[in-house]
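**Student:** For reference, this is model.pdb, and it has PDB, C-alpha atoms.
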ATOM      1  CA  MET A   1      -1.072  36.347  -1.002
ATOM      2  CA  THR A   2       1.734  34.215  -2.297
ATOM      3  CA  ASP A   3       4.266  36.852  -1.225
ATOM      4  CA  VAL A   4       3.324  36.345   2.417
ATOM      5  CA  TYR A   5       4.042  32.651   2.310
ATOM      6  CA  SER A   6       7.236  32.809   0.251
ATOM      7  CA  PRO A   7      10.383  31.404   1.859
ATOM      8  CA  THR A   8      12.336  33.887   3.929
ATOM      9  CA  THR A   9      15.723  32.345   3.314
ATOM     10  CA  THR A  10      17.347  31.191   0.138
ATOM     11  CA  ALA A  11      19.844  28.422  -0.306
ATOM     12  CA  ASN A  12      23.449  29.504  -0.387
ATOM     13  CA  PRO A  13      24.904  28.206  -3.658
ATOM     14  CA  GLN A  14      28.453  28.591  -2.295
ATOM     15  CA  THR A  15      28.039  26.003   0.445
ATOM     16  CA  SER A  16      29.452  22.658  -0.475
ATOM     17  CA  CYS A  17      30.179  19.406   1.279
ATOM     18  CA  LEU A  18      33.758  19.417  -0.025
ATOM     19  CA  VAL A  19      36.130  21.844   1.702
ATOM     20  CA  VAL A  20      39.570  21.846   0.059
ATOM     21  CA  PRO A  21      41.768  23.454   1.217
ATOM     22  CA  SER A  22      40.540  23.279   4.784
ATOM     23  CA  ASP A  23      42.097  24.144   8.128
ATOM     24  CA  ALA A  24      43.132  20.514   8.520
ATOM     25  CA  VAL A  25      44.583  19.741   5.075
ATOM     26  CA  GLY A  26      45.719  21.861   2.133
ATOM     27  CA  LYS A  27      45.490  21.108  -1.581
ATOM     28  CA  ALA A  28      48.914  19.464  -1.868
ATOM     29  CA  ARG A  29      48.447  17.247   1.168
ATOM     30  CA  CYS A  30      44.915  16.381   0.024
ATOM     31  CA  GLY A  31      46.350  15.154  -3.275
ATOM     32  CA  ILE A  32      48.984  13.145  -1.426
ATOM     33  CA  LYS A  33      46.301  11.583   0.771
ATOM     34  CA  VAL A  34      44.314  10.568  -2.324
ATOM     35  CA  VAL A  35      47.464   8.909  -3.711
ATOM     36  CA  GLN A  36      48.008   7.188  -0.325
ATOM     37  CA  VAL A  37      44.492   5.763  -0.466
ATOM     38  CA  LEU A  38      44.974   4.502  -4.022
ATOM     39  CA  LEU A  39      48.406   2.962  -3.409
ATOM     40  CA  SER A  40      47.253   1.303  -0.179
ATOM     41  CA  PHE A  41      44.240  -0.112  -1.972
ATOM     42  CA  VAL A  42      46.317  -1.472  -4.857
ATOM     43  CA  ALA A  43      48.818  -3.025  -2.402
ATOM     44  CA  PHE A  44      45.935  -4.646  -0.521
ATOM     45  CA  VAL A  45      44.290  -6.009  -3.676
ATOM     46  CA  LEU A  46      47.584  -7.393  -4.971
ATOM     47  CA  GLU A  47      48.293  -9.025  -1.634
ATOM     48  CA  GLU A  48      44.843 -10.636  -1.685
ATOM     49  CA  ASN A  49      45.724 -12.257  -5.030
ATOM     50  CA  VAL A  50      48.721 -14.125  -3.597
ATOM     51  CA  LEU A  51      47.855 -17.802  -3.897
ATOM     52  CA  ARG A  52      50.613 -19.365  -1.750
ATOM     53  CA  CYS A  53      52.685 -17.873   0.997
ATOM     54  CA  SER A  54      56.139 -18.956   2.063
ATOM     55  CA  SER A  55      55.843 -16.892   5.256
ATOM     56  CA  CYS A  56      52.196 -16.381   6.052
ATOM     57  CA  PHE A  57      52.926 -14.108   9.014
ATOM     58  CA  ALA A  58      54.579 -11.556   6.715
ATOM     59  CA  LEU A  59      51.714 -11.812   4.241
ATOM     60  CA  TYR A  60      49.036 -11.388   6.921
ATOM     61  CA  PHE A  61      50.882  -8.517   8.574
ATOM     62  CA  PHE A  62      51.191  -6.749   5.207
ATOM     63  CA  GLU A  63      47.508  -7.440   4.564
ATOM     64  CA  PHE A  64      46.499  -5.940   7.914
ATOM     65  CA  VAL A  65      48.641  -2.830   7.476
ATOM     66  CA  SER A  66      47.626  -2.165   3.857
ATOM     67  CA  CYS A  67      43.926  -2.641   4.628
ATOM     68  CA  THR A  68      44.150  -0.452   7.744
ATOM     69  CA  ALA A  69      46.043   2.235   5.844
ATOM     70  CA  PHE A  70      43.482   2.200   3.052
ATOM     71  CA  LEU A  71      40.394   2.346   5.258
ATOM     72  CA  PHE A  72      41.610   4.800   7.877
ATOM     73  CA  THR A  73      43.283   7.136   5.391
ATOM     74  CA  LEU A  74      40.075   7.186   3.371
ATOM     75  CA  LEU A  75      38.140   7.975   6.563
ATOM     76  CA  LEU A  76      40.614  10.703   7.554
ATOM     77  CA  LEU A  77      40.460  12.155   4.038
ATOM     78  CA  LEU A  78      36.667  12.226   4.093
ATOM     79  CA  LEU A  79      36.568  13.817   7.533
ATOM     80  CA  THR A  80      39.176  16.491   6.847
ATOM     81  CA  THR A  81      37.928  17.501   3.391
ATOM     82  CA  THR A  82      34.213  17.681   4.119
ATOM     83  CA  THR A  83      32.028  19.566   6.541
ATOM     84  CA  LEU A  84      31.913  16.451   8.734
ATOM     85  CA  GLN A  85      35.046  17.654  10.526
ATOM     86  CA  ASN A  86      32.915  20.251  12.311
ATOM     87  CA  ARG A  87      30.355  17.672  13.434
ATOM     88  CA  VAL A  88      32.768  15.072  14.803
ATOM     89  CA  GLY A  89      33.889  17.251  17.688
ATOM     90  CA  ILE A  90      37.641  16.787  17.238
ATOM     91  CA  LYS A  91      39.537  20.066  17.510
ATOM     92  CA  CYS A  92      43.069  18.583  17.361
ATOM     93  CA  TRP A  93      43.101  17.630  13.666
ATOM     94  CA  PRO A  94      46.786  18.517  13.179
ATOM     95  CA  LYS A  95      47.887  16.309  16.077
ATOM     96  CA  LEU A  96      45.620  13.450  15.028
ATOM     97  CA  ASP A  97      46.777  13.670  11.414
ATOM     98  CA  PHE A  98      50.461  13.862  12.368
ATOM     99  CA  VAL A  99      50.357  10.885  14.754
ATOM    100  CA  TYR A 100      48.200   8.756  12.463
ATOM    101  CA  THR A 101      50.303   9.432   9.373
ATOM    102  CA  GLY A 102      53.541   8.790  11.254
ATOM    103  CA  VAL A 103      52.323   5.489  12.707
ATOM    104  CA  ILE A 104      51.001   4.278   9.359
ATOM    105  CA  ALA A 105      54.186   5.357   7.548
ATOM    106  CA  GLY A 106      56.349   3.419   9.975
ATOM    107  CA  THR A 107      54.212   0.279  10.081
ATOM    108  CA  PHE A 108      53.692   0.254   6.311
ATOM    109  CA  PHE A 109      57.443   0.503   5.765
ATOM    110  CA  VAL A 110      58.187  -2.249   8.317
ATOM    111  CA  SER A 111      55.519  -4.544   6.879
ATOM    112  CA  SER A 112      56.841  -3.926   3.363
ATOM    113  CA  VAL A 113      60.407  -4.749   4.458
ATOM    114  CA  ILE A 114      59.275  -7.939   6.211
ATOM    115  CA  PHE A 115      57.150  -9.002   3.254
ATOM    116  CA  ALA A 116      59.949  -8.174   0.803
ATOM    117  CA  THR A 117      62.459 -10.344   2.665
ATOM    118  CA  THR A 118      60.155 -13.350   3.039
ATOM    119  CA  HIS A 119      57.973 -13.366  -0.085
ATOM    120  CA  GLY A 120      58.133 -15.934  -2.848
ATOM    121  CA  ASP A 121      59.119 -15.211  -6.404
ATOM    122  CA  SER A 122      55.680 -14.539  -7.839
ATOM    123  CA  SER A 123      55.114 -11.317  -9.731
ATOM    124  CA  VAL A 124      52.005 -10.531  -7.680
ATOM    125  CA  GLU A 125      54.032 -10.563  -4.452
ATOM    126  CA  LYS A 126      56.731  -8.380  -5.987
ATOM    127  CA  ALA A 127      54.114  -5.910  -7.216
ATOM    128  CA  ALA A 128      52.430  -5.837  -3.785
ATOM    129  CA  VAL A 129      55.781  -5.095  -2.142
ATOM    130  CA  ALA A 130      56.502  -2.346  -4.675
ATOM    131  CA  PHE A 131      53.143  -0.682  -4.020
ATOM    132  CA  GLY A 132      53.716  -1.080  -0.289
ATOM    133  CA  PHE A 133      57.000   0.799  -0.532
ATOM    134  CA  LEU A 134      55.408   3.464  -2.748
ATOM    135  CA  ALA A 135      52.563   3.909  -0.272
ATOM    136  CA  SER A 136      54.928   4.180   2.699
ATOM    137  CA  LEU A 137      56.997   6.715   0.737
ATOM    138  CA  MET A 138      53.852   8.816   0.225
ATOM    139  CA  PHE A 139      53.073   8.644   3.946
ATOM    140  CA  PHE A 140      56.609   9.801   4.774
ATOM    141  CA  LEU A 141      56.293  12.585   2.184
ATOM    142  CA  ASP A 142      53.031  13.645   3.823
ATOM    143  CA  ILE A 143      54.745  13.829   7.227
ATOM    144  CA  GLY A 144      57.526  15.913   5.690
ATOM    145  CA  LEU A 145      55.106  18.374   4.087
ATOM    146  CA  PHE A 146      53.138  18.621   7.321
ATOM    147  CA  TRP A 147      56.307  19.338   9.302
ATOM    148  CA  LYS A 148      57.524  21.895   6.760
ATOM    149  CA  LYS A 149      54.227  23.801   6.731
ATOM    150  CA  ASN A 150      53.004  23.458  10.326
ATOM    151  CA  GLY A 151      56.040  22.423  12.352
ATOM    152  CA  PHE A 152      55.910  19.900  15.154
ATOM    153  CA  PRO A 153      52.314  19.764  16.456
ATOM    154  CA  PHE A 154      53.256  19.060  20.086
ATOM    155  CA  PRO A 155      55.119  22.156  21.298
ATOM    156  CA  GLY A 156      55.350  22.241  25.068
ATOM    157  CA  ASN A 157      52.406  21.153  27.116
ATOM    158  CA  ARG A 158      49.612  22.916  25.237
ATOM    159  CA  LYS A 159      46.349  21.040  25.134
ATOM    160  CA  CYS A 160      43.693  20.972  22.436
ATOM    161  CA  GLU A 161      41.237  23.808  22.072
ATOM    162  CA  THR A 162      38.463  21.624  23.455
ATOM    163  CA  ASP A 163      40.428  20.954  26.663
ATOM    164  CA  ALA A 164      41.145  24.654  27.165
ATOM    165  CA  THR A 165      37.548  25.724  26.561
ATOM    166  CA  ALA A 166      36.225  22.932  28.793
ATOM    167  CA  THR A 167      38.550  24.038  31.606
ATOM    168  CA  GLU A 168      37.526  27.654  31.100
ATOM    169  CA  ALA A 169      33.825  26.732  31.172
ATOM    170  CA  HIS A 170      34.341  24.655  34.324
ATOM    171  CA  THR A 171      36.180  27.539  36.018
ATOM    172  CA  GLU A 172      33.405  29.930  35.017
ATOM    173  CA  ALA A 173      30.746  27.585  36.422
ATOM    174  CA  GLU A 174      32.642  27.324  39.722
ATOM    175  CA  LYS A 175      32.696  31.091  40.103
ATOM    176  CA  LEU A 176      28.978  31.326  39.486
ATOM    177  CA  ASN A 177      28.039  28.472  41.802
ATOM    178  CA  THR A 178      30.124  29.353  44.854
ATOM    179  CA  LEU A 179      28.289  30.668  47.866
ATOM    180  CA  PRO A 180      29.370  33.944  49.478
ATOM    181  CA  ASP A 181      29.834  32.193  52.873
ATOM    182  CA  GLY A 182      32.511  29.945  51.353
ATOM    183  CA  GLU A 183      30.386  26.784  51.696
TER     184      GLU A 183
END
Now that the file is in, can you turn its structure into structure tokens?
**Tutor:**
Amino acid sequence: MTDVYSPTTTANPQTSCLVVPSDAVGKARCGIKVVQVLLSFVAFVLEENVLRCSSCFALYFFEFVSCTAFLFTLLLLLLTTTTLQNRVGIKCWPKLDFVYTGVIAGTFFVSSVIFATTHGDSSVEKAAVAFGFLASLMFFLDIGLFWKKNGFPFPGNRKCETDATATEAHTEAEKLNTLPDGE
């Protein structure tokens, strides 16, 4: 009688939460993103240890950018390297990744330049600036690798897969719901 009530399906040992390389990010870019997260975190922690600021705007701007880069890159890394990317509903991962990485690379570089020109002479500030420049270099390297492998993600006027399938589904529904009299 136990054979009747045995489970009909078995667990697939090959399924895993971690998907590297995935459609969104390959092994090399995944490694670069891990380094981006670490460098952004170190820059943020070093900036938090600055006791006095000669230009607090530069310090706070660097703090905002390094914290944002750390948190959002970690989130992007988790979403693109796990099975969560299928549950989020975003089909334009290459475009999202390209725009995000480009914006963070530019703002991290600008904030590092501003902080470098206005910081004091403490070693903590110098180290924070150095890690800021290293992190922005990794973001630029990531953009370069993306471009080399995938090209520019915005060719012409093509929309995301979700937009195309939604339009197709809407067109299909219109055909089914139209009355033969044209009403």
**Student:** For the file shown, report as a PyMOL selection string the outcome of the PyMOL selection byres ((chain A and resi 107-121) around 9) at residue level.
**Tutor:** chain A and resi 52-59+61-63+65-66+69+102-106+122-126+128-133+135-137+139
**Student:** Take the selection from the previous step and output its residues with C-alpha atoms, as an mmCIF file, keeping the file's coordinate frame.
**Tutor:**
data_model
loop_
_atom_site.group_PDB
_atom_site.id
_atom_site.type_symbol
_atom_site.label_atom_id
_atom_site.label_comp_id
_atom_site.auth_asym_id
_atom_site.auth_seq_id
_atom_site.Cartn_x
_atom_site.Cartn_y
_atom_site.Cartn_z
ATOM 1 C CA ARG A 52 50.613 -19.365 -1.750
ATOM 2 C CA CYS A 53 52.685 -17.873 0.997
ATOM 3 C CA SER A 54 56.139 -18.956 2.063
ATOM 4 C CA SER A 55 55.843 -16.892 5.256
ATOM 5 C CA CYS A 56 52.196 -16.381 6.052
ATOM 6 C CA PHE A 57 52.926 -14.108 9.014
ATOM 7 C CA ALA A 58 54.579 -11.556 6.715
ATOM 8 C CA LEU A 59 51.714 -11.812 4.241
ATOM 9 C CA PHE A 61 50.882 -8.517 8.574
ATOM 10 C CA PHE A 62 51.191 -6.749 5.207
ATOM 11 C CA GLU A 63 47.508 -7.440 4.564
ATOM 12 C CA VAL A 65 48.641 -2.830 7.476
ATOM 13 C CA SER A 66 47.626 -2.165 3.857
ATOM 14 C CA ALA A 69 46.043 2.235 5.844
ATOM 15 C CA GLY A 102 53.541 8.790 11.254
ATOM 16 C CA VAL A 103 52.323 5.489 12.707
ATOM 17 C CA ILE A 104 51.001 4.278 9.359
ATOM 18 C CA ALA A 105 54.186 5.357 7.548
ATOM 19 C CA GLY A 106 56.349 3.419 9.975
ATOM 20 C CA SER A 122 55.680 -14.539 -7.839
ATOM 21 C CA SER A 123 55.114 -11.317 -9.731
ATOM 22 C CA VAL A 124 52.005 -10.531 -7.680
ATOM 23 C CA GLU A 125 54.032 -10.563 -4.452
ATOM 24 C CA LYS A 126 56.731 -8.380 -5.987
ATOM 25 C CA ALA A 128 52.430 -5.837 -3.785
ATOM 26 C CA VAL A 129 55.781 -5.095 -2.142
ATOM 27 C CA ALA A 130 56.502 -2.346 -4.675
ATOM 28 C CA PHE A 131 53.143 -0.682 -4.020
ATOM 29 C CA GLY A 132 53.716 -1.080 -0.289
ATOM 30 C CA PHE A 133 57.000 0.799 -0.532
ATOM 31 C CA ALA A 135 52.563 3.909 -0.272
ATOM 32 C CA SER A 136 54.928 4.180 2.699
ATOM 33 C CA LEU A 137 56.997 6.715 0.737
ATOM 34 C CA PHE A 139 53.073 8.644 3.946
#
**Student:** Can you work out the spacing between atom CA of Leu71 of chain A and atom CA of Arg29 of chain A in Å, to one decimal?
**Tutor:**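 Separation between atom CA of Leu71 of chain A and atom CA of Arg29 of chain A: 17.4 Å.
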**Student:** Separation of atom CA of Val35 of chain A and atom CA of Met138 of chain A, in Å?
**Tutor:**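 Separating atom CA of Val35 of chain A from atom CA of Met138 of chain A is a distance of 7.5 Å.
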**Student:** Of the residues A:Phe64, A:Trp93, A:Tyr100, A:Phe41, which is the one nearest to Leu79 of chain A, using all atoms listed in the file?
**Tutor:** A:Trp93
**Student:** Restricting the calculation to all atoms listed in the file, which member of A:Phe44, A:Gly31, A:Leu76, A:Leu84 is positioned closest to Asp97 of chain A?
**Tutor:**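 Selected residue with least distance to Asp97 of chain A: A:Leu76.
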**Student:** Have a look at A:Leu134, A:Gly144, A:Val34, A:Pro153 and name the one nearest to Phe70 of chain A; count all atoms listed in the file.
**Tutor:** A:Val34
**Student:** Take atom CA of Pro94 of chain A and atom CA of Gly26 of chain A and report the distance between them in Å, one decimal.
**Tutor:** 11.6 Å
**Student:** Go through A:Thr68, A:Gln36, A:Thr73, A:Asn49 one by one, measure the shortest atom-to-atom distance of each to Leu96 of chain A using only C-alpha atoms, and give the residue with the smallest value.
**Tutor:** A:Thr73
**Student:** Could you pull segment 60-94 of chain A out of the structure I just pasted and write it to a file containing N, CA, C and O atoms, as an mmCIF file, in the first residue's frame?
**Tutor:**
data_model
loop_
_atom_site.group_PDB
_atom_site.id
_atom_site.type_symbol
_atom_site.label_atom_id
_atom_site.label_comp_id
_atom_site.auth_asym_id
_atom_site.auth_seq_id
_atom_site.Cartn_x
_atom_site.Cartn_y
_atom_site.Cartn_z
ATOM 1 N N TYR A 60 29.087 64.445 1.509
ATOM 2 C CA TYR A 60 27.733 63.882 1.497
ATOM 3 C C TYR A 60 27.343 63.364 0.112
ATOM 4 O O TYR A 60 26.641 62.364 0.001
ATOM 5 N N PHE A 61 27.790 64.044 -0.924
ATOM 6 C CA PHE A 61 27.513 63.573 -2.276
ATOM 7 C C PHE A 61 28.225 62.244 -2.518
ATOM 8 O O PHE A 61 27.634 61.305 -3.055
ATOM 9 N N PHE A 62 29.481 62.146 -2.107
ATOM 10 C CA PHE A 62 30.231 60.895 -2.236
ATOM 11 C C PHE A 62 29.569 59.794 -1.412
ATOM 12 O O PHE A 62 29.487 58.649 -1.852
ATOM 13 N N GLU A 63 29.100 60.136 -0.235
ATOM 14 C CA GLU A 63 28.413 59.165 0.620
ATOM 15 C C GLU A 63 27.156 58.639 -0.068
ATOM 16 O O GLU A 63 26.917 57.425 -0.108
ATOM 17 N N PHE A 64 26.359 59.541 -0.625
ATOM 18 C CA PHE A 64 25.129 59.140 -1.302
ATOM 19 C C PHE A 64 25.422 58.223 -2.489
ATOM 20 O O PHE A 64 24.785 57.182 -2.650
ATOM 21 N N VAL A 65 26.392 58.612 -3.307
ATOM 22 C CA VAL A 65 26.699 57.835 -4.508
ATOM 23 C C VAL A 65 27.283 56.471 -4.146
ATOM 24 O O VAL A 65 26.889 55.453 -4.718
ATOM 25 N N SER A 66 28.208 56.420 -3.195
ATOM 26 C CA SER A 66 28.816 55.135 -2.835
ATOM 27 C C SER A 66 27.799 54.202 -2.184
ATOM 28 O O SER A 66 27.794 52.994 -2.465
ATOM 29 N N CYS A 67 26.921 54.731 -1.354
ATOM 30 C CA CYS A 67 25.889 53.906 -0.730
ATOM 31 C C CYS A 67 24.887 53.414 -1.772
ATOM 32 O O CYS A 67 24.499 52.235 -1.776
ATOM 33 N N THR A 68 24.469 54.301 -2.671
ATOM 34 C CA THR A 68 23.538 53.923 -3.735
ATOM 35 C C THR A 68 24.161 52.871 -4.642
ATOM 36 O O THR A 68 23.504 51.882 -4.998
ATOM 37 N N ALA A 69 25.410 53.073 -5.014
ATOM 38 C CA ALA A 69 26.095 52.105 -5.873
ATOM 39 C C ALA A 69 26.184 50.747 -5.188
ATOM 40 O O ALA A 69 25.946 49.707 -5.817
ATOM 41 N N PHE A 70 26.517 50.748 -3.917
ATOM 42 C CA PHE A 70 26.620 49.484 -3.187
ATOM 43 C C PHE A 70 25.280 48.761 -3.132
ATOM 44 O O PHE A 70 25.171 47.595 -3.515
ATOM 45 N N LEU A 71 24.244 49.457 -2.682
ATOM 46 C CA LEU A 71 22.950 48.803 -2.484
ATOM 47 C C LEU A 71 22.302 48.362 -3.791
ATOM 48 O O LEU A 71 21.826 47.236 -3.921
ATOM 49 N N PHE A 72 22.284 49.253 -4.784
ATOM 50 C CA PHE A 72 21.603 48.916 -6.025
ATOM 51 C C PHE A 72 22.388 47.914 -6.875
ATOM 52 O O PHE A 72 21.789 47.099 -7.574
ATOM 53 N N THR A 73 23.705 47.958 -6.810
ATOM 54 C CA THR A 73 24.486 46.958 -7.539
ATOM 55 C C THR A 73 24.322 45.595 -6.888
ATOM 56 O O THR A 73 24.232 44.577 -7.588
ATOM 57 N N LEU A 74 24.264 45.560 -5.577
ATOM 58 C CA LEU A 74 24.002 44.303 -4.877
ATOM 59 C C LEU A 74 22.619 43.768 -5.257
ATOM 60 O O LEU A 74 22.467 42.571 -5.542
ATOM 61 N N LEU A 75 21.621 44.642 -5.305
ATOM 62 C CA LEU A 75 20.278 44.227 -5.707
ATOM 63 C C LEU A 75 20.270 43.719 -7.148
ATOM 64 O O LEU A 75 19.703 42.666 -7.441
ATOM 65 N N LEU A 76 20.908 44.459 -8.050
ATOM 66 C CA LEU A 76 20.974 44.037 -9.451
ATOM 67 C C LEU A 76 21.705 42.709 -9.587
ATOM 68 O O LEU A 76 21.285 41.836 -10.350
ATOM 69 N N LEU A 77 22.774 42.537 -8.837
ATOM 70 C CA LEU A 77 23.526 41.274 -8.863
ATOM 71 C C LEU A 77 22.664 40.119 -8.374
ATOM 72 O O LEU A 77 22.643 39.050 -8.986
ATOM 73 N N LEU A 78 21.940 40.328 -7.298
ATOM 74 C CA LEU A 78 21.069 39.270 -6.779
ATOM 75 C C LEU A 78 19.946 38.940 -7.756
ATOM 76 O O LEU A 78 19.596 37.774 -7.942
ATOM 77 N N LEU A 79 19.385 39.952 -8.391
ATOM 78 C CA LEU A 79 18.289 39.697 -9.321
ATOM 79 C C LEU A 79 18.759 39.007 -10.598
ATOM 80 O O LEU A 79 18.067 38.142 -11.119
ATOM 81 N N THR A 80 19.917 39.392 -11.106
ATOM 82 C CA THR A 80 20.365 38.830 -12.381
ATOM 83 C C THR A 80 21.072 37.483 -12.245
ATOM 84 O O THR A 80 21.242 36.791 -13.237
ATOM 85 N N THR A 81 21.486 37.112 -11.050
ATOM 86 C CA THR A 81 22.193 35.839 -10.886
ATOM 87 C C THR A 81 21.374 34.794 -10.151
ATOM 88 O O THR A 81 21.892 33.724 -9.839
ATOM 89 N N THR A 82 20.131 35.089 -9.858
ATOM 90 C CA THR A 82 19.262 34.113 -9.213
ATOM 91 C C THR A 82 18.008 33.917 -10.059
ATOM 92 O O THR A 82 17.811 34.587 -11.065
ATOM 93 N N THR A 83 17.177 33.012 -9.616
ATOM 94 C CA THR A 83 15.929 32.765 -10.335
ATOM 95 C C THR A 83 14.900 33.862 -10.098
ATOM 96 O O THR A 83 13.831 33.832 -10.694
ATOM 97 N N LEU A 84 15.216 34.838 -9.274
ATOM 98 C CA LEU A 84 14.294 35.954 -9.036
ATOM 99 C C LEU A 84 14.061 36.785 -10.290
ATOM 100 O O LEU A 84 13.032 37.435 -10.416
ATOM 101 N N GLN A 85 15.011 36.769 -11.226
ATOM 102 C CA GLN A 85 14.855 37.571 -12.434
ATOM 103 C C GLN A 85 13.630 37.154 -13.237
ATOM 104 O O GLN A 85 13.045 37.971 -13.939
ATOM 105 N N ASN A 86 13.210 35.904 -13.100
ATOM 106 C CA ASN A 86 12.017 35.444 -13.810
ATOM 107 C C ASN A 86 10.736 35.848 -13.100
ATOM 108 O O ASN A 86 9.681 35.917 -13.719
ATOM 109 N N ARG A 87 10.815 36.130 -11.824
ATOM 110 C CA ARG A 87 9.630 36.474 -11.033
ATOM 111 C C ARG A 87 9.367 37.969 -10.981
ATOM 112 O O ARG A 87 8.260 38.369 -10.650
ATOM 113 N N VAL A 88 10.366 38.779 -11.269
ATOM 114 C CA VAL A 88 10.218 40.228 -11.176
ATOM 115 C C VAL A 88 9.355 40.777 -12.303
ATOM 116 O O VAL A 88 8.616 41.731 -12.118
ATOM 117 N N GLY A 89 9.431 40.170 -13.461
ATOM 118 C CA GLY A 89 8.616 40.611 -14.584
ATOM 119 C C GLY A 89 9.322 41.581 -15.516
ATOM 120 O O GLY A 89 8.703 42.126 -16.420
ATOM 121 N N ILE A 90 10.600 41.809 -15.319
ATOM 122 C CA ILE A 90 11.368 42.689 -16.200
ATOM 123 C C ILE A 90 11.961 41.835 -17.311
ATOM 124 O O ILE A 90 12.642 40.856 -17.052
ATOM 125 N N LYS A 91 11.697 42.207 -18.546
ATOM 126 C CA LYS A 91 12.228 41.467 -19.691
ATOM 127 C C LYS A 91 13.365 42.232 -20.372
ATOM 128 O O LYS A 91 14.000 41.708 -21.258
ATOM 129 N N CYS A 92 13.616 43.452 -19.971
ATOM 130 C CA CYS A 92 14.650 44.298 -20.597
ATOM 131 C C CYS A 92 15.894 44.374 -19.724
ATOM 132 O O CYS A 92 16.417 45.460 -19.472
ATOM 133 N N TRP A 93 16.390 43.250 -19.234
ATOM 134 C CA TRP A 93 17.558 43.262 -18.354
ATOM 135 C C TRP A 93 18.776 43.919 -18.999
ATOM 136 O O TRP A 93 19.476 44.680 -18.331
ATOM 137 N N PRO A 94 19.064 43.669 -20.275
ATOM 138 C CA PRO A 94 20.239 44.324 -20.860
ATOM 139 C C PRO A 94 20.131 45.847 -20.855
ATOM 140 O O PRO A 94 21.093 46.536 -20.532
#
